[in-house]
Amino acid sequence: MAVIETLKLTKRYAGGLRSRGTLAVDEVSLTVYPGQVFGFLGPNGSGKTTTIGMLLGIITPTSGTFRLFGKSGPSDILAARQRIGATLEYPNFYPYLSCRDNLRLVARVKGRRNREVDEVLDVVGLADRQKTKFSACSLGMKQRLAIGATLLGDPELIVLDEPANGLDPAGQREIRDVIRGLGERGKTIFLSSHILHDVERMCTHVGIIEQGRLVTTSAVANLTSDEPVAVLRAECDLETLRAAAERFEPVRSARIRGTEVVVEVDEGDLAGLNEHLVKQGILLHHLAVERQTLESVFMRLTGAGDGFGAVA
Amino acid sequence: MTGPAEGGAAPAARRYPALGPGVWRVLVRNEWFKATRRLAFLVTLGLFSFINLMEHGGDLRRAQTSDDFTYALPDAWRSIFGEDSILALIFGSLALIMLVSSEFSWRTARQNVIDGLSKSQWFWGKVILVLLVGLTFVGAKLVIGVGAATLGTDFSAAARPIVPGSAVMATVGLLVAYLSAASLGLLCAVTIRNAGPAIAVWFFWITLGEQLLPALVTRVLPSWEPIFAYLPFASAQRVLPFEAFDAATYQRLVERAAEAERAVPEAVNGLLWTGVNAAWAVLFVAVAYWAFRRRDL
């Protein structure tokens with residue numbers, strides 16, 4: 001049974017009299033299964049938060065349906081939401097209350113005891129700062145408190161929207177460690193993030209959304225590859241370069257990408273490839289090795305960049 | 001941390017308060033917890049209490065230093081439930097608007113729903129808050145007013161009941177009048193979702209709106225004038241004086257007016273106007289619920 005299942009989920013925000021409004025989410029259908037760490041990726045304004053908001057009951061879908069733990073319908077969905085711990089966008093707490101008091105409020109709603117509040121404060125490393133007012137917390141503390149609130153009640157599904165937003169590298173690493181630990185404990189995690197290399201390291205599956213439409217959903221391993229490719233640039237025309245490279249026997253494939261040629265070849269054969277091209281009268285002025293990362297896939301699918309972006 | 005419980009609605013309701021009657025207890029506890037730690041609420045309550053302390057303390061002091069003035073129960077009920085009881089409506093409603101509207105600016109309303117409450121449960125939590133704030137402010141007024149009057153009362157010499165039934169009814173009337181005004185505040189808070197503008201709209205209505213509207217409409221439709229007596233704040237003010245519920249006090253006022261050759265004060269049916277106020281409160285809560293439900297958080 002899927003933990004999250006959406007079918008053509010759509011949200012159109014009302015516009016003015018002469019406007020049809022803004023289509024924030026456009027027929028998104030995705031499925032998240034138990035135990036997956038699902039990364040929900042997309043540029044700013046692509047509809048990630050709106051999609052999550054619909055699942056969490058704070059935004060009413062315009063059309064389409066969704067199921068949580070196989071349940072749909074208002075009362076069943078309310079019951080299913082009790083099994084979810086979630087935080088949306090910025091951590092939202094009462095600024096005049098302490099970290100502990102804020103968690104106590106959440107614990108009461110979730111039917112948990114104060115003892116569990118203490119446990120969660122320990123897990124997220126806020127036990128020493130539990131009396132600090134939320135308004136006096138650093139952004140990192142606020143994010144950790146938000147994660148702590150999601151952990152109360154030991155939820156089966158954890159939904160985190162940009163959990164590392166605004167954190168420094170050390171804070172990002174802390175949050176990453178907490179999320180990774182949750183994944184290792186078998187929790188299903190639905191995570192939206194801009195930090196693609198973090199997502200690549202933490203997530204088992206990803207969905208990429210662009211302008212409200214789900215562009216792809218796949219296992220991370222299927223999207224990325226450890227196999228390197230060589231990127232070549234020379235003064236000659238690209239087709240001549242591609243054809244010359246392809247004639248070199250160890251090359252498995254060669255294709256033109258923008259202003260360069262991408263060649264699938266083992267790293268050990270690169271010197272030979274260069275020598276082969278020189279013999280063909282082609283002098284390279286750029287030869288680099290790249291790996292296909294989640295970031296490069298994301299850039300390609302969302303049009304934010306052209307193909308392989310990250311240099312290994 | 002323990003794992004989730006399975007096996008039917010009853011165990012689920014026990015584990016998750018939002019799925020059973022236990023949610024009401026959680027809502028009361030959480031709303032009270034949040035309110036009593038909020039400086040804005042405490043300052044408003046403190047200021048209201050201070051004004052009441054000055055007023056009733058002043059009455060007591062005057063009674064102790066003057067032979068022709070008494071401040072003792074049961075006569076003091078008329079002083080406790082005077083027209084200045086309107087301050088309970090104003091201070092209580094202001095505190096309520098601040099408490100509710102900040103839930104939107106801090107986005108804690110949406111987080112409460114994310115944490116497991118339904119949108120309806122969240123709203124009913126605010127209705128509970130309306131009641132809690134009302135009980136606090138009316139309670140503060142009674143404690144201070146009755147407390148001061150008790151110091152001047154010779155209980156052994158009291159010929160009439162210290163707490164007559166009319167005092168209880170006047171308390172209910174004051175609370176219902178507050179509920180009417182505060183429900184309008186709740187409506188402003190959940191629709192405007194920002195403390196400053198919500199207070200401004202609420203205050204505009206009670207100070208100018210209810211004066212302007214009749215003045216404008218009766219120019220065109222003079223026969224409508226009696227209807228405007230039923231406007232929310234106008235009806236709330238009708239149940240504030242003690243004589244609306246106490247026939248003996250009203251009779252004394254009539255006699256005094258006759259002696260002084262002044263106009264006889266209008267008799268007010270306290271129960272009827274309490275009903276009108278209750279109807280306004282129900283209407284405002286219903287409209288607030290409708291407006292709240294149809295918008296995203």
# chains A, B, ... in the order shown; residues from 1 in each chain; ligands from 1
$ interface_residues --of "chain B" --to "chain A" --cutoff "9 Å" --atoms "only C-alpha atoms" --output "PyMOL selection string"
chain B and resi 1-4+12-19+23+26-27+29-30+33-34+37-39+103+106-119+294-297
$ residues_around --residues "Thr49 of chain A" --least-positions-apart "6" --cutoff "9 Å" --atoms "only C-alpha atoms" --output "PDB file with all heavy atoms, in the first residue's frame"
ATOM      1  N   LEU A  88       6.158  22.829   7.110  1.00  0.00           N
ATOM      2  CA  LEU A  88       5.981  23.433   5.793  1.00  0.00           C
ATOM      3  C   LEU A  88       6.684  24.791   5.758  1.00  0.00           C
ATOM      4  O   LEU A  88       6.423  25.635   6.614  1.00  0.00           O
ATOM      5  CB  LEU A  88       4.485  23.608   5.525  1.00  0.00           C
ATOM      6  CG  LEU A  88       4.060  23.840   4.089  1.00  0.00           C
ATOM      7  CD1 LEU A  88       4.441  22.667   3.211  1.00  0.00           C
ATOM      8  CD2 LEU A  88       2.550  24.038   4.027  1.00  0.00           C
ATOM      9  N   GLU A  89       7.547  24.982   4.782  1.00  0.00           N
ATOM     10  CA  GLU A  89       8.314  26.221   4.618  1.00  0.00           C
ATOM     11  C   GLU A  89       9.071  26.548   5.893  1.00  0.00           C
ATOM     12  O   GLU A  89       9.724  25.710   6.470  1.00  0.00           O
ATOM     13  CB  GLU A  89       7.390  27.353   4.190  1.00  0.00           C
ATOM     14  CG  GLU A  89       6.804  27.164   2.802  1.00  0.00           C
ATOM     15  CD  GLU A  89       5.923  28.309   2.391  1.00  0.00           C
ATOM     16  OE1 GLU A  89       4.905  28.539   3.042  1.00  0.00           O
ATOM     17  OE2 GLU A  89       6.251  28.940   1.388  1.00  0.00           O
ATOM     18  N   ASP A 161       9.598  20.330   4.303  1.00  0.00           N
ATOM     19  CA  ASP A 161       9.654  21.260   3.180  1.00  0.00           C
ATOM     20  C   ASP A 161      10.853  22.180   3.377  1.00  0.00           C
ATOM     21  O   ASP A 161      10.853  23.001   4.292  1.00  0.00           O
ATOM     22  CB  ASP A 161       8.343  22.062   3.142  1.00  0.00           C
ATOM     23  CG  ASP A 161       8.259  22.948   1.917  1.00  0.00           C
ATOM     24  OD1 ASP A 161       8.958  22.672   0.932  1.00  0.00           O
ATOM     25  OD2 ASP A 161       7.492  23.926   1.951  1.00  0.00           O
ATOM     26  N   SER A 192      11.176  18.112   0.376  1.00  0.00           N
ATOM     27  CA  SER A 192      11.444  19.037  -0.727  1.00  0.00           C
ATOM     28  C   SER A 192      12.692  19.835  -0.381  1.00  0.00           C
ATOM     29  O   SER A 192      12.899  20.193   0.787  1.00  0.00           O
ATOM     30  CB  SER A 192      10.260  19.971  -0.955  1.00  0.00           C
ATOM     31  OG  SER A 192      10.376  21.131  -0.175  1.00  0.00           O
TER      32      SER A 192
END
$ select_by_dssp --residues "segment 88-270 of chain A" --states "helix (DSSP H, G or I)" --output "PyMOL selection string"
chain A and resi 99-109+114-123+127-129+134-136+139-151+169-184+196-202+220-223+238-246+267-270
$ closest_residue --among "A:Gly272, A:Pro250, A:Gly47, A:Pro228" --to "Tyr13 of chain A" --atoms "only C-alpha atoms"
A:Gly47
$ atom_distance --atom1 "atom CA of Ile97 of chain B" --atom2 "atom CA of Leu175 of chain B"
17.0 Å
$ closest_residue --among "A:Asp26, A:Glu162, A:Glu200, A:Glu5" --to "Val297 of chain A" --atoms "only C-alpha atoms"
A:Glu200
